[in-house]
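Participant: One structure is given below, represented as structure tokens, and several questions about it will come after.
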Amino acid sequence: MIEIKNLHATVDGKEILKGVDLTIRPGEVHAIMGPNGAGKSTLSYVLAGRDGYEVTEGSVTYYGKDLLAMEPEERAAEGVFLAFQYPVEIPGVGNTTFLKTAINAIRKHRGEKELDAMQFLKLIREKTKALGMSDEMLKRAVNVGFSGGEKKRNETLQMAVLEPKFAILDETDSGLDIDALKIVAEGVNALRSPDRSMLVITHYQRLLDYIVPDYVHVLAAGRIVKSGGKELALELEKNGYRDFGASEAA
Amino acid sequence: MSANNSPLHPMTYSTRGADPATAPAFLAPLDQMGSGLPGSGLSWLTELRAAGRERFAAVGLPTIKNESWRYTNLRDLAKLTFQPAAPAAAAIDLLPTVRTEGQDGPRMVFVDGRFRADLSSVDGLPPRVDLLSLDAALSTHSGLLADHLGRLAAADDRPLVALNSAYLVDGAVLHVPANVQVDRPIELVFVSVGSELQATTCHPRMLLIAEAGSKAVVVEHHVGRGAGTTLSNHVTEVFVGEGATLHHYKSQREGAGAIHLSHIAATVATGGCYDNFILTTGAKLSRNEVVSRLDGTEARTHVSGGYLVRGTQHADTTTLIVHAQPNGTSREVYKGVIDDTARAVFQGKITVCPDAQKTDGYQLNRALLLSDGAEIDSKPELEIHADDVKCSHGCTAGELDDDALFYLRARGIDRDTAQGLLIGAFLSESLEEIAEESIRDAFQGIIAGWLEEQK
């Protein structure tokens with residue numbers, strides 16, 4: 001279970017999160033919607049542990065542990081996964097090397113045996129096939145020369161391989177056409193399970209047609225201002241974010 | 001090649017920045033060695049040594065007032081009294097190699113500059129290929145040596161080359177006859193042992209000759225096995241004949257007490273190719289000078305490398321590419337990683353002579369600074385006297401990409417491993433200049449070892 005309590009965070013001295021409260025139980029999919037500048041991406045970076053995001057108040061308890069006290073790699077090893085809005089291109093680091101290093105780091109942390117080259121290859125073939133990814137994408141450098149859709153598929157592949165307990169999907173729909181969106185959503189849906197929680201962050205309702213959440217929250221001006229079921233997303237689509245003190249941002 | 005001892009390319013040497021006062025201490029031991037030097041009956045050799053001695057006596061160590069030595073200060077050398085290293089018979093284990101286990105091949109080992117036959121093997125070379133110590137070659141190949149030694153590395157021009165010539169005693173000689181291909185890499189291993197009681201010097205001299213249409217790969221390893229202060233002052237002359245190919249790789253990973261100075265001078269004839277790659281991870285102070293002259297048309301040279309320094313290490317890379325004839329191609333790709341308060345210097349000059357139309361020259365130096373105290377001094381220089389040429393250069397200095405670092409860590413990869421992956425990726429662009437996969441892998445292994453030491 002993930003319990004976010006009264007979370008305040010600043011970036012460059014400016015307060016962005018102003019008291020976020022949210023509880024996510026195993027197996028639940030929560031969507032966070034909100035206008036631009038509401039603090040959606042800040043929330044995802046704070047949860048993943050990025051430098052430069054300072055928590056000034058509040059707590060995040062992750063399966064009984066203090067999440068905010070952990071380094072980013074410890075959080076990942078404990079099962080936190082952030083699917084990036086803008087996956088980073090890393091020239092010179094092969095996608096395969098990256099995936100193998102990541103999975104073995106996490107297996108090591110969990111006290112599991114590291115995968116050898118053969119075992120890794122078998123696993124990765126299986127997962128790429130399910131996501132309709134080519135072997136060629138594995139041979140390239142991490143995200144280098146990938147289209148928007150390929151980058152998001154690569155994020156989904158990493159999620160499938162690393163099997164997190166808590167996945168944060170930050171604007172996964174940005175930069176995707178409808179076909180790519182469907183493929184990525186299918187990949188994500190295949191990973192839904194009773195012991196895996198997800199936090200889906202999005203500006204648009206469209207993504208939630210494909211990844212259907214259990215709960216929807218509206219984040220505005222650094223706070224969750226409204227919560228409801230999946231029907232809340234439809235309501236927002238119709239009325240926009242005007243009711244929450246924000247202009248209809250582009 | 002003609003019998004001629006005069007330098008092929010005389011250049012005027014400015015005496016600005018000379019410090020003759022430093023010369024006597026370096027030359028004094030020569031008087032005790034006197035006529036005991038090998039080959040003392042060869043008049044050309046006696047002249048070469050005497051000319052070197054005379055030149056060094058006149059100029060001494062270069063100082064930072066000499067433009068070419070502006071960023072590398074040898075002042076500390078003058079404070080020490082160096083003695084020529086005594087021939088060492090010590091057993092040396094774990095000799096470095098680029099071969100995988102079980103593979104063998106030609107290998108010459110030098111300890112403190114002296115050839116060690118007991119550690120070396122030159123078996124398995126094609127017929128008529130000569131690979132031998134310079135000491136031995138003075139007896140058996142004196143004509144070949146007389147024709148080549150001192151022709152490229154001009155003592156007039158460079159005080160440390162002069163000092164090397166003055167002390168010319170031993171080193172390696174490779175002669176590949178026309179149209180002969182040597183498949184297995186020839187390894188030259190230089191081990192610095194020195195003495196804990198005394199700072200020591202050695203001045204190895206190498207001569208690499210690839211005649212027309214021949215092909216060979218030479219890999220040098222420079223390692224340290226002692227705690228003392230050692231100064232090795234290498235000079236290598238490389239002759240690449242028409243249509244010949246010589247790949248020349250070097251890994252310098254001497255110990256913390258080492259000063260490593262090296263001057264490589266190459267000439268490439270029509271259609272020939274000289275590739276050089278130097279990986280620097282060792283020595284407290286190092287300077288690698290590479291001069292590659294394209295003296296024939298359609299000649300090629302790739303002069304690249306990587307330098308990884310930390311602590312208070314100082315690594316200087318100074319290159320000069322001379323396009324003397326038309327249609328030549330040159331390419332330089334250097335990558336450096338600098339940590340702590342270490343300092344690296346890159347001076348890269350490309351000269352295109354008036355006749356060298358259709359020259360294609362490219363130079364890149366990129367440095368990655370891992371700490372606030374790290375320093376890189378980059379000085380690219382293009383001197384173009386022809387009008388129809390393509391020449392470009394680029395220099396950058398930067399830090400590790402925070403976004404990439406966080407991305408890797410967010411996937412469970414710890415900070416050190418993530419940094420290692422990014423540094424390895426950064427260096428890979430220069431390593432790709434190494435044509436032979438096995439050597440690239442071996443050099444990658446050296447880099448991995450360097451990264452491992454950091455933890």
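How things are named: the first chain in the structure tokens is A, the next is B, and so on; residues count from 1 in each chain; ligands count from 1 in the order shown.
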Determine, using only C-alpha atoms, which residues of chain A have any atom at most 6 Å from an atom of chain B, and tabulate each with its shortest atom pair and distance in Å to one decimal place, rows ordered by chain and then rising number, as a Markdown table.

Facilitator:
```
| residue | atom | partner | partner_atom | distance |
| --- | --- | --- | --- | --- |
| A:Pro72 | CA | B:Ala410 | CA | 5.4 |
| A:Glu73 | CA | B:Gly412 | CA | 4.0 |
| A:Ala76 | CA | B:Gly412 | CA | 4.8 |
| A:Ala77 | CA | B:Gly412 | CA | 5.2 |
| A:Gly92 | CA | B:Ala425 | CA | 4.1 |
| A:Val93 | CA | B:Ala425 | CA | 5.5 |
| A:Ala102 | CA | B:Ile413 | CA | 5.5 |
| A:Ala105 | CA | B:Ile413 | CA | 5.9 |
| A:Ile106 | CA | B:Gly412 | CA | 5.8 |
```

Participant: Which of stretch 135-207 of chain A end up as alpha helix (DSSP H) when DSSP is run on this backbone - answer as a VMD selection string?

Facilitator: chain A and resid 135 to 139 148 to 162 178 to 190 206 to 207

Participant: Take the residues from that selection and write them out as a PDB file, in the first residue's frame, keeping C-alpha atoms.

Facilitator:
```pdb
ATOM      1  CA  ASP A 135      14.937  -7.168 -32.182  1.00  0.00           C
ATOM      2  CA  GLU A 136      16.480  -4.245 -33.969  1.00  0.00           C
ATOM      3  CA  MET A 137      15.152  -1.845 -31.323  1.00  0.00           C
ATOM      4  CA  LEU A 138      17.047  -3.813 -28.710  1.00  0.00           C
ATOM      5  CA  LYS A 139      20.284  -3.466 -30.599  1.00  0.00           C
ATOM      6  CA  GLY A 148       7.618   8.785 -29.975  1.00  0.00           C
ATOM      7  CA  GLY A 149       5.679   5.539 -30.120  1.00  0.00           C
ATOM      8  CA  GLU A 150       8.831   3.430 -29.952  1.00  0.00           C
ATOM      9  CA  LYS A 151      10.031   5.313 -26.897  1.00  0.00           C
ATOM     10  CA  LYS A 152       6.778   4.659 -25.059  1.00  0.00           C
ATOM     11  CA  ARG A 153       6.830   1.014 -26.092  1.00  0.00           C
ATOM     12  CA  ASN A 154      10.374   0.830 -24.762  1.00  0.00           C
ATOM     13  CA  GLU A 155       9.129   2.226 -21.437  1.00  0.00           C
ATOM     14  CA  THR A 156       6.397  -0.416 -21.383  1.00  0.00           C
ATOM     15  CA  LEU A 157       8.966  -3.100 -22.176  1.00  0.00           C
ATOM     16  CA  GLN A 158      11.077  -1.975 -19.221  1.00  0.00           C
ATOM     17  CA  MET A 159       8.015  -2.122 -17.015  1.00  0.00           C
ATOM     18  CA  ALA A 160       7.184  -5.627 -18.245  1.00  0.00           C
ATOM     19  CA  VAL A 161      10.740  -6.795 -17.614  1.00  0.00           C
ATOM     20  CA  LEU A 162      11.214  -5.153 -14.210  1.00  0.00           C
ATOM     21  CA  ILE A 178      -4.130   6.423 -31.697  1.00  0.00           C
ATOM     22  CA  ASP A 179      -2.564   3.180 -32.974  1.00  0.00           C
ATOM     23  CA  ALA A 180       0.553   3.595 -30.858  1.00  0.00           C
ATOM     24  CA  LEU A 181      -1.620   4.520 -27.888  1.00  0.00           C
ATOM     25  CA  LYS A 182      -3.620   1.307 -28.257  1.00  0.00           C
ATOM     26  CA  ILE A 183      -0.473  -0.838 -28.374  1.00  0.00           C
ATOM     27  CA  VAL A 184       1.025   0.834 -25.307  1.00  0.00           C
ATOM     28  CA  ALA A 185      -2.291   0.632 -23.413  1.00  0.00           C
ATOM     29  CA  GLU A 186      -2.609  -3.062 -24.227  1.00  0.00           C
ATOM     30  CA  GLY A 187       0.907  -3.568 -22.894  1.00  0.00           C
ATOM     31  CA  VAL A 188       0.022  -1.736 -19.705  1.00  0.00           C
ATOM     32  CA  ASN A 189      -3.290  -3.565 -19.280  1.00  0.00           C
ATOM     33  CA  ALA A 190      -1.514  -6.896 -19.614  1.00  0.00           C
ATOM     34  CA  ARG A 206      -8.443   9.803 -24.035  1.00  0.00           C
ATOM     35  CA  LEU A 207      -5.836   7.537 -22.405  1.00  0.00           C
TER      36      LEU A 207
END
```

Participant: Between B:Thr200, B:Thr329, B:Thr230, B:Ser142, which residue has the minimum interatomic distance to B:Ser392, considering only C-alpha atoms?

Facilitator: B:Thr329

Participant: Just list the residues in stretch 6-226 of chain A DSSP gives strand (DSSP E) on the backbone, as JSON, numbers by chain.

Facilitator: {"A": [6, 7, 8, 9, 10, 11, 14, 15, 16, 17, 18, 19, 20, 21, 22, 23, 24, 29, 30, 31, 32, 33, 53, 54, 55, 56, 57, 58, 59, 60, 61, 62, 65, 66, 80, 81, 82, 83, 90, 91, 92, 93, 94, 141, 142, 166, 167, 168, 169, 170, 197, 198, 199, 200, 201, 202, 215, 216, 217, 218, 219, 220, 223, 224, 225, 226]}

Participant: With C-alpha atoms retained, write the just-selected residues as a short mmCIF file (atom, residue, chain, number, x, y, z; two decimals), in the first residue's frame.

Facilitator:
```cif
data_model
loop_
_atom_site.label_atom_id
_atom_site.label_comp_id
_atom_site.auth_asym_id
_atom_site.auth_seq_id
_atom_site.Cartn_x
_atom_site.Cartn_y
_atom_site.Cartn_z
CA ASN A 6 0.12 16.10 3.20
CA LEU A 7 2.94 16.11 0.64
CA HIS A 8 4.53 19.52 0.02
CA ALA A 9 7.36 19.92 -2.45
CA THR A 10 9.31 22.81 -3.93
CA VAL A 11 11.29 23.18 -7.13
CA LYS A 14 8.84 27.52 -5.53
CA GLU A 15 6.16 25.44 -3.85
CA ILE A 16 4.50 23.17 -6.42
CA LEU A 17 2.84 20.49 -4.29
CA LYS A 18 0.80 21.99 -1.46
CA GLY A 19 -0.50 19.08 0.56
CA VAL A 20 -1.27 16.02 -1.55
CA ASP A 21 -3.11 13.16 0.15
CA LEU A 22 -3.59 9.87 -1.68
CA THR A 23 -3.82 6.21 -0.72
CA ILE A 24 -3.34 3.47 -3.29
CA VAL A 29 -5.32 1.87 -10.80
CA HIS A 30 -5.61 5.56 -9.93
CA ALA A 31 -5.66 8.32 -12.50
CA ILE A 32 -4.48 11.82 -11.75
CA MET A 33 -5.82 14.45 -14.08
CA TYR A 53 12.61 18.27 -5.96
CA GLU A 54 12.61 19.12 -2.30
CA VAL A 55 9.98 17.72 0.01
CA THR A 56 9.26 20.32 2.67
CA GLU A 57 6.42 18.62 4.51
CA GLY A 58 4.44 15.39 4.60
CA SER A 59 5.31 11.74 4.02
CA VAL A 60 5.10 8.87 1.57
CA THR A 61 4.83 5.43 3.12
CA TYR A 62 5.47 2.58 0.74
CA LYS A 65 8.74 1.99 4.48
CA ASP A 66 9.67 5.66 4.22
CA VAL A 80 8.63 1.71 -7.92
CA PHE A 81 8.64 2.32 -11.66
CA LEU A 82 8.30 5.68 -13.40
CA ALA A 83 7.36 5.52 -17.06
CA ILE A 90 21.44 7.71 -24.08
CA PRO A 91 23.87 7.45 -27.00
CA GLY A 92 26.47 4.71 -26.65
CA VAL A 93 24.54 2.57 -24.15
CA GLY A 94 22.89 -0.38 -25.88
CA ALA A 141 21.29 2.71 -28.14
CA VAL A 142 18.70 3.50 -25.45
CA PHE A 166 3.92 0.41 -8.18
CA ALA A 167 4.01 1.91 -11.67
CA ILE A 168 3.70 5.64 -12.29
CA LEU A 169 2.79 6.45 -15.89
CA ASP A 170 3.61 10.09 -16.56
CA SER A 197 -0.76 -0.65 -8.30
CA MET A 198 -0.67 2.04 -10.92
CA LEU A 199 -0.80 5.80 -10.94
CA VAL A 200 -1.75 7.09 -14.37
CA ILE A 201 -1.00 10.78 -14.87
CA THR A 202 -2.66 12.45 -17.81
CA TYR A 215 -10.35 6.00 -9.26
CA VAL A 216 -9.87 9.42 -10.78
CA HIS A 217 -8.44 12.43 -8.93
CA VAL A 218 -8.17 16.01 -10.01
CA LEU A 219 -4.91 17.74 -9.11
CA ALA A 220 -5.09 21.50 -9.27
CA ARG A 223 -3.63 19.71 -4.23
CA ILE A 224 -6.11 16.96 -4.97
CA VAL A 225 -9.34 18.87 -5.21
CA LYS A 226 -11.77 16.19 -6.28
#
```

Participant: Compile the contact shell of B:Glu289 as a PyMOL selection string: residues with an atom at most 12 Å away, counting only C-alpha atoms, same-chain residues fewer than 6 positions apart removed.

Facilitator: chain B and resi 68-69+153+158+160-161+233-237+260-266+276-278+303-305+315-321+345-349

Participant: Can you tell me which residues surround stretch 46-56 of chain B at a distance of at most 7 Å, considering only C-alpha atoms, apart from same-chain residues fewer than 3 positions away, and format the answer as a PyMOL selection string?

Facilitator: chain B and resi 23+40+42-43+59-60+155-156+159+162-163+165-168

Participant: May I ask for the distance between atom CA of B:Gly296 and atom CA of B:Gln325, given in Å to one decimal place?

Facilitator: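 Atom CA of B:Gly296 sits 5.6 Å away from atom CA of B:Gln325.
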
Participant: What is the atom CA of B:Val111-atom CA of B:Asp135 distance in Å, reported with one decimal?

Facilitator: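 That distance, rounded to one decimal, is 13.8 Å.
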
Participant: So which residues touch B:Leu134 within 10 Å, counting only C-alpha atoms, skipping near sequence neighbours fewer than 2 positions away, as a list in words?

Facilitator: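 Result of the neighbour search: Pro38, Arg114, Phe115, Leu131, Leu132, Ala136, Ala137, Leu138, Ser139, Thr140, His141, Ser142, Leu145, Leu168, Val169, Asp170, Gly171, Ala172, Val173, Leu174, Pro204, Arg205, Met206 and Leu207 of chain B.
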
Participant: Got a sec: who's within 9 Å of B:Val333, counting only C-alpha atoms, leaving out chain neighbours fewer than 3 positions off, as a PyMOL selection string?

Facilitator: chain B and resi 302-306+362-366+429-431+433

Participant: Based on the selection just made, write N, CA and C atoms of those residues as a compact mmCIF listing (two decimals), in the first residue's frame.

Facilitator:
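To be explicit, this is the file written out as part-v2.txt:
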```txt
# COMPACT_ATOMS: atom_id res chain seq x y z
N HIS B 302 44.69 7.88 -39.14
CA HIS B 302 43.74 8.10 -38.05
C HIS B 302 44.56 8.16 -36.77
N VAL B 303 44.48 9.27 -36.09
CA VAL B 303 45.25 9.43 -34.86
C VAL B 303 44.25 9.75 -33.76
N SER B 304 43.99 8.78 -32.89
CA SER B 304 42.92 8.94 -31.91
C SER B 304 43.35 8.44 -30.55
N GLY B 305 42.47 8.60 -29.59
CA GLY B 305 42.81 8.09 -28.27
C GLY B 305 41.80 8.43 -27.20
N GLY B 306 42.09 7.92 -26.02
CA GLY B 306 41.27 8.22 -24.85
C GLY B 306 42.20 8.50 -23.69
N TYR B 362 39.80 15.91 -40.29
CA TYR B 362 38.76 16.00 -39.26
C TYR B 362 39.41 15.81 -37.90
N GLN B 363 39.03 16.66 -36.96
CA GLN B 363 39.60 16.53 -35.62
C GLN B 363 38.52 16.80 -34.57
N LEU B 364 38.48 15.94 -33.56
CA LEU B 364 37.50 16.11 -32.49
C LEU B 364 38.16 15.82 -31.15
N ASN B 365 37.96 16.69 -30.19
CA ASN B 365 38.40 16.39 -28.83
C ASN B 365 37.26 16.74 -27.88
N ARG B 366 36.79 15.72 -27.17
CA ARG B 366 35.72 15.95 -26.20
C ARG B 366 36.17 15.50 -24.82
N GLU B 429 32.88 6.32 -28.63
CA GLU B 429 33.05 6.98 -29.93
C GLU B 429 34.51 6.98 -30.38
N SER B 430 35.42 7.13 -29.42
CA SER B 430 36.83 7.08 -29.82
C SER B 430 37.30 5.64 -30.00
N LEU B 431 36.83 4.74 -29.13
CA LEU B 431 37.25 3.33 -29.24
C LEU B 431 36.85 2.72 -30.58
N GLU B 433 37.30 3.86 -33.27
CA GLU B 433 38.37 4.11 -34.23
C GLU B 433 39.35 2.94 -34.31
```

Participant: How far is it from atom CA of B:Ala324 to atom CA of B:Thr297, in Å with one decimal?

Facilitator: 8.3 Å

Participant: Considering only C-alpha atoms, can you say which of A:Tyr86, A:Lys230, A:Arg192, A:Ala221 comes closest to A:Asp209?

Facilitator: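 For A:Asp209, the nearest of the candidates is A:Lys230.
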
Participant: Would you pick out the contacts of B:Glu211 at 10 Å or less, using only C-alpha atoms, so that residues sharing its chain but fewer than 2 positions from it are not included, and give the list as a short mmCIF file (atom, residue, chain, number, x, y, z; two decimals) with C-alpha atoms, in the first residue's frame?

Facilitator:
```
data_model
loop_
_atom_site.label_atom_id
_atom_site.label_comp_id
_atom_site.auth_asym_id
_atom_site.auth_seq_id
_atom_site.Cartn_x
_atom_site.Cartn_y
_atom_site.Cartn_z
CA MET B 1 64.50 3.90 -48.86
CA HIS B 175 60.78 -4.53 -40.35
CA VAL B 176 57.99 -5.94 -42.51
CA PRO B 177 59.17 -6.54 -46.10
CA ALA B 178 57.10 -5.54 -49.12
CA ASN B 179 53.75 -7.30 -49.55
CA VAL B 180 54.04 -9.34 -46.37
CA LEU B 208 58.68 0.42 -37.18
CA ILE B 209 59.01 -0.08 -40.91
CA GLY B 213 52.02 -3.27 -49.68
CA SER B 214 52.69 -4.83 -46.28
CA LYS B 215 50.43 -4.92 -43.28
CA PHE B 239 57.78 4.38 -41.90
CA VAL B 240 54.69 3.30 -43.82
CA GLY B 241 55.46 2.45 -47.45
CA GLU B 242 53.29 2.74 -50.55
CA GLY B 243 49.96 1.02 -50.04
CA ALA B 244 51.12 -0.36 -46.69
CA THR B 245 48.97 -0.39 -43.55
CA LEU B 246 50.25 -0.09 -40.03
CA ALA B 269 53.75 7.08 -48.52
CA GLY B 272 49.48 4.03 -47.28
#
```
